[in-house]
>>> print(open('structure_5.cif').read())   # mmCIF, C-alpha atoms
data_upload
#
loop_
_atom_site.group_PDB
_atom_site.id
_atom_site.type_symbol
_atom_site.label_atom_id
_atom_site.label_comp_id
_atom_site.auth_asym_id
_atom_site.auth_seq_id
_atom_site.Cartn_x
_atom_site.Cartn_y
_atom_site.Cartn_z
ATOM 1 C CA MET A 1 410.378 101.299 -39.113
ATOM 2 C CA SER A 2 408.576 99.215 -36.706
ATOM 3 C CA LYS A 3 404.958 98.378 -36.794
ATOM 4 C CA GLU A 4 404.244 100.457 -33.820
ATOM 5 C CA ALA A 5 405.993 103.431 -35.320
ATOM 6 C CA ILE A 6 404.047 102.997 -38.537
ATOM 7 C CA VAL A 7 400.763 102.761 -36.631
ATOM 8 C CA GLU A 8 401.708 105.750 -34.561
ATOM 9 C CA LYS A 9 402.681 107.680 -37.715
ATOM 10 C CA ILE A 10 399.305 106.758 -39.287
ATOM 11 C CA ILE A 11 397.450 107.854 -36.152
ATOM 12 C CA SER A 12 399.472 111.061 -35.975
ATOM 13 C CA ASP A 13 398.817 111.794 -39.661
ATOM 14 C CA ALA A 14 395.112 111.008 -39.125
ATOM 15 C CA HIS A 15 394.977 113.422 -36.179
ATOM 16 C CA LEU A 16 396.656 116.108 -38.264
ATOM 17 C CA ARG A 17 394.333 115.414 -41.149
ATOM 18 C CA ALA A 18 391.287 115.419 -38.799
ATOM 19 C CA GLU A 19 392.368 118.729 -37.249
ATOM 20 C CA SER A 20 392.850 120.172 -40.727
ATOM 21 C CA ILE A 21 389.383 118.964 -41.794
ATOM 22 C CA ILE A 22 387.836 120.285 -38.581
ATOM 23 C CA GLY A 23 389.605 123.623 -39.075
ATOM 24 C CA GLU A 24 388.363 123.846 -42.659
ATOM 25 C CA ALA A 25 384.847 122.848 -41.535
ATOM 26 C CA ASN A 26 384.890 125.470 -38.769
ATOM 27 C CA ALA A 27 386.123 128.118 -41.232
ATOM 28 C CA LYS A 28 383.423 127.124 -43.724
ATOM 29 C CA ALA A 29 380.788 127.161 -40.923
ATOM 30 C CA ASP A 30 381.960 130.635 -39.825
ATOM 31 C CA GLU A 31 381.727 131.803 -43.447
ATOM 32 C CA VAL A 32 378.202 130.359 -43.846
ATOM 33 C CA ILE A 33 377.127 131.896 -40.529
ATOM 34 C CA SER A 34 378.610 135.258 -41.532
ATOM 35 C CA VAL A 35 376.801 135.198 -44.907
ATOM 36 C CA ALA A 36 373.560 134.135 -43.196
ATOM 37 C CA ALA A 37 373.960 136.932 -40.634
ATOM 38 C CA GLU A 38 374.473 139.490 -43.417
ATOM 39 C CA GLU A 39 371.411 138.175 -45.283
ATOM 40 C CA CYS A 40 369.434 138.359 -42.041
ATOM 41 C CA LYS A 41 370.526 141.968 -41.484
ATOM 42 C CA ALA A 42 369.591 142.865 -45.074
ATOM 43 C CA TYR A 43 366.204 141.120 -44.696
ATOM 44 C CA LEU A 44 365.519 142.912 -41.412
ATOM 45 C CA TYR A 45 366.564 146.249 -42.919
ATOM 46 C CA ASN A 46 364.317 145.709 -45.951
ATOM 47 C CA PHE A 47 361.476 144.417 -43.772
ATOM 48 C CA LYS A 48 361.763 147.450 -41.481
ATOM 49 C CA ALA A 49 361.799 149.769 -44.513
ATOM 50 C CA GLU A 50 358.709 148.035 -45.939
ATOM 51 C CA THR A 51 357.013 148.113 -42.538
ATOM 52 C CA ASP A 52 357.835 151.807 -42.118
ATOM 53 C CA LYS A 53 356.431 152.508 -45.594
ATOM 54 C CA MET A 54 353.252 150.534 -44.819
ATOM 55 C CA VAL A 55 352.834 152.416 -41.517
ATOM 56 C CA PHE A 56 353.349 155.724 -43.343
ATOM 57 C CA ASP A 57 350.820 154.724 -46.022
ATOM 58 C CA VAL A 58 348.265 153.657 -43.410
ATOM 59 C CA GLU A 59 348.744 156.913 -41.508
ATOM 60 C CA ALA A 60 348.458 158.927 -44.732
ATOM 61 C CA ARG A 61 345.288 157.063 -45.744
ATOM 62 C CA SER A 62 343.862 157.526 -42.251
ATOM 63 C CA LYS A 63 344.585 161.243 -42.423
ATOM 64 C CA THR A 64 343.056 161.462 -45.902
ATOM 65 C CA VAL A 65 339.962 159.551 -44.785
ATOM 66 C CA ALA A 66 339.657 161.783 -41.720
ATOM 67 C CA GLU A 67 339.972 164.897 -43.905
ATOM 68 C CA LEU A 68 337.346 163.552 -46.304
ATOM 69 C CA ASP A 69 335.036 162.740 -43.400
ATOM 70 C CA ALA A 70 335.521 166.257 -42.032
ATOM 71 C CA LYS A 71 334.746 167.737 -45.453
ATOM 72 C CA LYS A 72 331.637 165.543 -45.733
ATOM 73 C CA LEU A 73 330.449 166.675 -42.304
ATOM 74 C CA THR A 74 331.118 170.319 -43.173
ATOM 75 C CA LEU A 75 329.278 169.961 -46.459
ATOM 76 C CA ALA A 76 326.360 168.235 -44.715
ATOM 77 C CA ALA A 77 326.189 171.055 -42.162
ATOM 78 C CA LYS A 78 326.286 173.701 -44.892
ATOM 79 C CA THR A 79 323.624 171.842 -46.865
ATOM 80 C CA LYS A 80 321.460 171.672 -43.734
ATOM 81 C CA VAL A 81 321.862 175.425 -43.184
ATOM 82 C CA LEU A 82 320.875 176.120 -46.803
ATOM 83 C CA ASP A 83 317.905 173.755 -46.496
ATOM 84 C CA VAL A 84 316.779 175.645 -43.397
ATOM 85 C CA VAL A 85 317.102 178.966 -45.265
ATOM 86 C CA TYR A 86 314.819 177.741 -48.055
ATOM 87 C CA GLU A 87 312.426 176.029 -45.601
ATOM 88 C CA ARG A 88 312.079 179.341 -43.790
ATOM 89 C CA THR A 89 311.472 181.071 -47.109
ATOM 90 C CA LEU A 90 308.672 178.583 -47.758
ATOM 91 C CA ASP A 91 307.264 179.136 -44.241
ATOM 92 C CA ASN A 92 307.456 182.906 -44.718
ATOM 93 C CA LEU A 93 305.470 182.634 -47.967
ATOM 94 C CA ARG A 94 302.818 180.547 -46.256
ATOM 95 C CA ASN A 95 302.572 182.981 -43.362
ATOM 96 C CA LEU A 96 302.284 186.253 -45.266
ATOM 97 C CA ASP A 97 299.530 188.573 -44.123
ATOM 98 C CA LYS A 98 296.259 188.012 -45.988
ATOM 99 C CA ASP A 99 296.548 191.029 -48.322
ATOM 100 C CA THR A 100 300.147 190.293 -49.351
ATOM 101 C CA TYR A 101 299.318 186.603 -49.738
ATOM 102 C CA SER A 102 296.340 187.429 -51.948
ATOM 103 C CA GLU A 103 298.493 189.746 -54.099
ATOM 104 C CA LEU A 104 301.059 186.970 -54.513
ATOM 105 C CA ILE A 105 298.460 184.376 -55.557
ATOM 106 C CA PHE A 106 296.845 186.724 -58.089
ATOM 107 C CA ALA A 107 300.320 187.620 -59.398
ATOM 108 C CA MET A 108 300.837 183.892 -60.028
ATOM 109 C CA LEU A 109 297.498 183.825 -61.846
ATOM 110 C CA GLN A 110 298.899 186.388 -64.315
ATOM 111 C CA ASN A 111 300.480 183.313 -65.980
ATOM 112 C CA ALA A 112 297.031 181.901 -66.762
ATOM 113 C CA LYS A 113 295.851 181.548 -70.349
ATOM 114 C CA ASP A 114 292.362 181.492 -71.753
ATOM 115 C CA GLY A 115 290.646 178.201 -70.861
ATOM 116 C CA ASP A 116 292.948 177.233 -67.956
ATOM 117 C CA VAL A 117 291.585 175.347 -64.972
ATOM 118 C CA VAL A 118 292.873 176.770 -61.703
ATOM 119 C CA THR A 119 293.604 174.366 -58.844
ATOM 120 C CA ILE A 120 294.162 175.871 -55.415
ATOM 121 C CA SER A 121 295.058 174.397 -52.040
ATOM 122 C CA GLN A 122 293.119 174.560 -48.797
ATOM 123 C CA ARG A 123 295.136 177.666 -47.915
ATOM 124 C CA GLU A 124 293.735 179.693 -50.865
ATOM 125 C CA LYS A 125 290.083 178.651 -50.657
ATOM 126 C CA ASP A 126 289.068 181.943 -49.027
ATOM 127 C CA ILE A 127 291.232 184.021 -51.392
ATOM 128 C CA VAL A 128 290.570 182.478 -54.796
ATOM 129 C CA THR A 129 286.816 181.998 -54.951
ATOM 130 C CA LYS A 130 284.691 181.488 -58.045
ATOM 131 C CA GLU A 131 283.701 185.139 -57.804
ATOM 132 C CA SER A 132 287.230 186.543 -57.325
ATOM 133 C CA LEU A 133 288.560 184.300 -60.111
ATOM 134 C CA ALA A 134 285.746 185.390 -62.461
ATOM 135 C CA GLN A 135 286.523 189.043 -61.699
ATOM 136 C CA PHE A 136 290.247 188.442 -62.307
ATOM 137 C CA ALA A 137 289.570 186.587 -65.600
ATOM 138 C CA LYS A 138 287.209 189.357 -66.743
ATOM 139 C CA GLU A 139 289.871 192.009 -66.076
ATOM 140 C CA LYS A 140 292.416 189.938 -67.989
ATOM 141 C CA GLY A 141 289.970 189.214 -70.816
ATOM 142 C CA ILE A 142 290.183 185.433 -70.549
ATOM 143 C CA SER A 143 288.058 182.559 -69.324
ATOM 144 C CA LEU A 144 289.233 180.626 -66.244
ATOM 145 C CA THR A 145 287.611 177.781 -64.328
ATOM 146 C CA LEU A 146 288.151 177.006 -60.641
ATOM 147 C CA SER A 147 288.682 173.278 -60.085
ATOM 148 C CA ASP A 148 286.098 171.574 -57.871
ATOM 149 C CA LYS A 149 288.896 169.692 -56.060
ATOM 150 C CA LEU A 150 291.508 171.251 -53.824
ATOM 151 C CA GLY A 151 295.093 170.443 -54.709
ATOM 152 C CA ASP A 152 297.315 168.251 -52.546
ATOM 153 C CA PHE A 153 299.868 171.011 -51.883
ATOM 154 C CA ASP A 154 300.276 173.788 -49.359
ATOM 155 C CA GLY A 155 300.270 177.169 -51.048
ATOM 156 C CA GLY A 156 300.292 178.427 -54.613
ATOM 157 C CA VAL A 157 298.266 177.394 -57.659
ATOM 158 C CA ILE A 158 298.345 174.924 -60.528
ATOM 159 C CA LEU A 159 297.113 176.041 -63.947
ATOM 160 C CA SER A 160 295.961 173.195 -66.195
ATOM 161 C CA GLU A 161 295.192 173.239 -69.893
ATOM 162 C CA ASN A 162 294.634 170.172 -72.097
ATOM 163 C CA GLY A 163 296.418 167.857 -69.667
ATOM 164 C CA VAL A 164 299.419 170.148 -69.249
ATOM 165 C CA ASP A 165 300.012 171.576 -65.783
ATOM 166 C CA LYS A 166 301.848 174.783 -64.996
ATOM 167 C CA ASN A 167 302.887 174.328 -61.403
ATOM 168 C CA PHE A 168 303.101 177.516 -59.360
ATOM 169 C CA THR A 169 302.967 175.825 -55.953
ATOM 170 C CA PHE A 170 305.170 177.304 -53.269
ATOM 171 C CA GLU A 171 307.208 174.098 -53.046
ATOM 172 C CA ILE A 172 308.075 174.245 -56.752
ATOM 173 C CA GLU A 173 308.659 177.993 -56.750
ATOM 174 C CA VAL A 174 311.041 177.760 -53.777
ATOM 175 C CA ALA A 175 312.783 174.728 -55.345
ATOM 176 C CA LEU A 176 313.323 176.749 -58.540
ATOM 177 C CA LEU A 177 314.505 179.712 -56.480
ATOM 178 C CA LYS A 178 316.917 177.427 -54.628
ATOM 179 C CA GLU A 179 318.244 176.025 -57.900
ATOM 180 C CA GLN A 180 318.871 179.525 -59.238
ATOM 181 C CA THR A 181 320.261 181.152 -56.101
ATOM 182 C CA GLU A 182 321.820 178.421 -53.941
ATOM 183 C CA ALA A 183 325.404 179.032 -55.090
ATOM 184 C CA ASN A 184 325.147 182.775 -54.428
ATOM 185 C CA VAL A 185 323.377 182.285 -51.092
ATOM 186 C CA ALA A 186 326.025 179.747 -50.032
ATOM 187 C CA LYS A 187 328.765 182.163 -51.037
ATOM 188 C CA GLU A 188 327.068 184.956 -49.092
ATOM 189 C CA ILE A 189 326.595 182.811 -45.960
ATOM 190 C CA PHE A 190 329.842 180.810 -45.959
ATOM 191 C CA GLY A 191 332.140 183.222 -47.759
#
>>> encode(input="structure_5.cif", output="C-alpha cells")
Amino acid sequence: MSKEAIVEKIISDAHLRAESIIGEANAKADEVISVAAEECKAYLYNFKAETDKMVFDVEARSKTVAELDAKKLTLAAKTKVLDVVYERTLDNLRNLDKDTYSELIFAMLQNAKDGDVVTISQREKDIVTKESLAQFAKEKGISLTLSDKLGDFDGGVILSENGVDKNFTFEIEVALLKEQTEANVAKEIFG
C-alpha cells in the first residue's frame, strides 16, 4: 500500500471514528436533554401543585379571617344592643316619678342594719332627709345615720357599717341585674 493510500485510509478511518463519536455525543446530548426536560416537567408540575395548594390555603385563611371578622362585628353589635338595653334600664330608674322613686329608695333601705350610715346621691337629697330616715329607722326599730356628704353616684344608696359598704347604687344594681339576666335577654332579643 502506498503512503498516500495509508494516509487516506487513516483519514477515512478518522472521519468514520469522528462521525461515530459525534453520533454518540449527539445521542448522549439528546438523552441528557430528554432527562432534563422530564425533570423540568416534574418540577413544574410539583411547583404548580404547591402553588395551587398555597393559593387554596391563602383563600381558606382569608375566608376564615373574614368569617371571624363578621362574627366579631356581629358580637360587637349585639353587645352594643344589650348595653343600650341596660343603659335604658338605668335611665328609667333615674327617671321614675317621685313617688315610685321614693318607694324604690326606701325598699333599698330595708337592707339597712342597726348603726348603718346611709349615703345618698344628689338625686335623693329631697327624698331621704334626716327626718324621713329617722321615721323609717323608728318604724324598723333600728338606728340609722344620714351621712353629711353626698355620694359620688347617680341614684341609689350606700349603707356603711364599720368600714364595710353595702352598695345599692343604681349602677351596681343594674350591673348585677345584667350579670344575672344578660344571657336570657340576649336569647330573647336575638333568638
>>> residues_around(input="structure_5.cif", residues="A:Phe170", least_positions_apart="3", cutoff="6 Å", atoms="all atoms listed in the file", output="list in words")
Gly155, Gly156, Glu173 and Val174 of chain A
>>> resolve_selection(input="structure_5.cif", expression="the PyMOL selection byres ((chain A and resi 139-148) around 9)", output="count of residues only")
22
>>> atom_distance(input="structure_5.cif", atom1="atom CA of A:Asp99", atom2="atom CA of A:Asp126")
11.8 Å
>>> residues_around(input="structure_5.cif", residues="A:Glu171", least_positions_apart="4", cutoff="10 Å", atoms="only C-alpha atoms", output="MDAnalysis selection string")
chainID A and resid 86:87 90 153:156 167 175:177
>>> atom_distance(input="structure_5.cif", atom1="atom CA of A:Val185", atom2="atom CA of A:Leu75")
14.4 Å
>>> atom_distance(input="structure_5.cif", atom1="atom CA of A:Ile158", atom2="atom CA of A:Leu82")
26.4 Å
>>> closest_residue(input="structure_5.cif", among="A:Asn184, A:Ile105, A:Cys40, A:Ile22", to="A:Lys125", atoms="only C-alpha atoms")
A:Ile105
>>> residues_around(input="structure_5.cif", residues="A:Ala186", least_positions_apart="3", cutoff="9 Å", atoms="all atoms listed in the file", output="MDAnalysis selection string")
chainID A and resid 78:79 82 181:183 189:191
>>> axis_aligned_box(input="structure_5.cif", around="stretch 30-41 of chain A", padding_each_side="5 Å", output="lines of an AutoDock Vina configuration file")
center_x = 375.7
center_y = 136.2
center_z = -42.6
size_x = 22.5
size_y = 21.6
size_z = 15.5
>>> closest_residue(input="structure_5.cif", among="A:Ala27, A:Leu104, A:Arg61, A:Glu19", to="A:Phe168", atoms="only C-alpha atoms")
A:Leu104
>>> build_atoms(input="structure_5.cif", residues="stretch 81-101 of chain A", atoms="N, CA and C atoms", output="short mmCIF file (atom, residue, chain, number, x, y, z; two decimals), in the frame of the given file")
data_model
loop_
_atom_site.label_atom_id
_atom_site.label_comp_id
_atom_site.auth_asym_id
_atom_site.auth_seq_id
_atom_site.Cartn_x
_atom_site.Cartn_y
_atom_site.Cartn_z
N VAL A 81 322.12 173.99 -43.38
CA VAL A 81 321.86 175.42 -43.18
C VAL A 81 321.11 175.99 -44.39
N LEU A 82 321.56 175.63 -45.60
CA LEU A 82 320.88 176.12 -46.80
C LEU A 82 319.44 175.59 -46.86
N ASP A 83 319.26 174.32 -46.51
CA ASP A 83 317.90 173.76 -46.50
C ASP A 83 317.01 174.53 -45.54
N VAL A 84 317.55 174.88 -44.38
CA VAL A 84 316.78 175.64 -43.40
C VAL A 84 316.43 177.02 -43.96
N VAL A 85 317.37 177.65 -44.67
CA VAL A 85 317.10 178.97 -45.26
C VAL A 85 315.90 178.87 -46.21
N TYR A 86 315.91 177.86 -47.08
CA TYR A 86 314.82 177.74 -48.06
C TYR A 86 313.53 177.24 -47.40
N GLU A 87 313.64 176.44 -46.34
CA GLU A 87 312.43 176.03 -45.60
C GLU A 87 311.78 177.25 -44.95
N ARG A 88 312.61 178.12 -44.41
CA ARG A 88 312.08 179.34 -43.79
C ARG A 88 311.46 180.25 -44.84
N THR A 89 312.06 180.29 -46.02
CA THR A 89 311.47 181.07 -47.11
C THR A 89 310.07 180.54 -47.42
N LEU A 90 309.96 179.22 -47.50
CA LEU A 90 308.67 178.58 -47.76
C LEU A 90 307.68 178.90 -46.63
N ASP A 91 308.13 178.81 -45.38
CA ASP A 91 307.26 179.14 -44.24
C ASP A 91 306.85 180.60 -44.28
N ASN A 92 307.79 181.48 -44.64
CA ASN A 92 307.46 182.91 -44.72
C ASN A 92 306.40 183.16 -45.79
N LEU A 93 306.49 182.49 -46.92
CA LEU A 93 305.47 182.63 -47.97
C LEU A 93 304.11 182.20 -47.45
N ARG A 94 304.09 181.09 -46.75
CA ARG A 94 302.82 180.55 -46.26
C ARG A 94 302.22 181.41 -45.15
N ASN A 95 303.05 182.20 -44.51
CA ASN A 95 302.57 182.98 -43.36
C ASN A 95 302.52 184.48 -43.64
N LEU A 96 302.45 184.84 -44.92
CA LEU A 96 302.28 186.25 -45.27
C LEU A 96 300.93 186.74 -44.75
N ASP A 97 300.84 188.05 -44.52
CA ASP A 97 299.53 188.57 -44.12
C ASP A 97 298.57 188.38 -45.30
N LYS A 98 297.27 188.39 -45.01
CA LYS A 98 296.26 188.01 -45.99
C LYS A 98 296.32 188.86 -47.26
N ASP A 99 296.51 190.16 -47.13
CA ASP A 99 296.55 191.03 -48.32
C ASP A 99 297.76 190.72 -49.20
N THR A 100 298.92 190.59 -48.59
CA THR A 100 300.15 190.29 -49.35
C THR A 100 300.04 188.91 -49.99
N TYR A 101 299.48 187.97 -49.23
CA TYR A 101 299.32 186.60 -49.74
C TYR A 101 298.39 186.61 -50.96
#
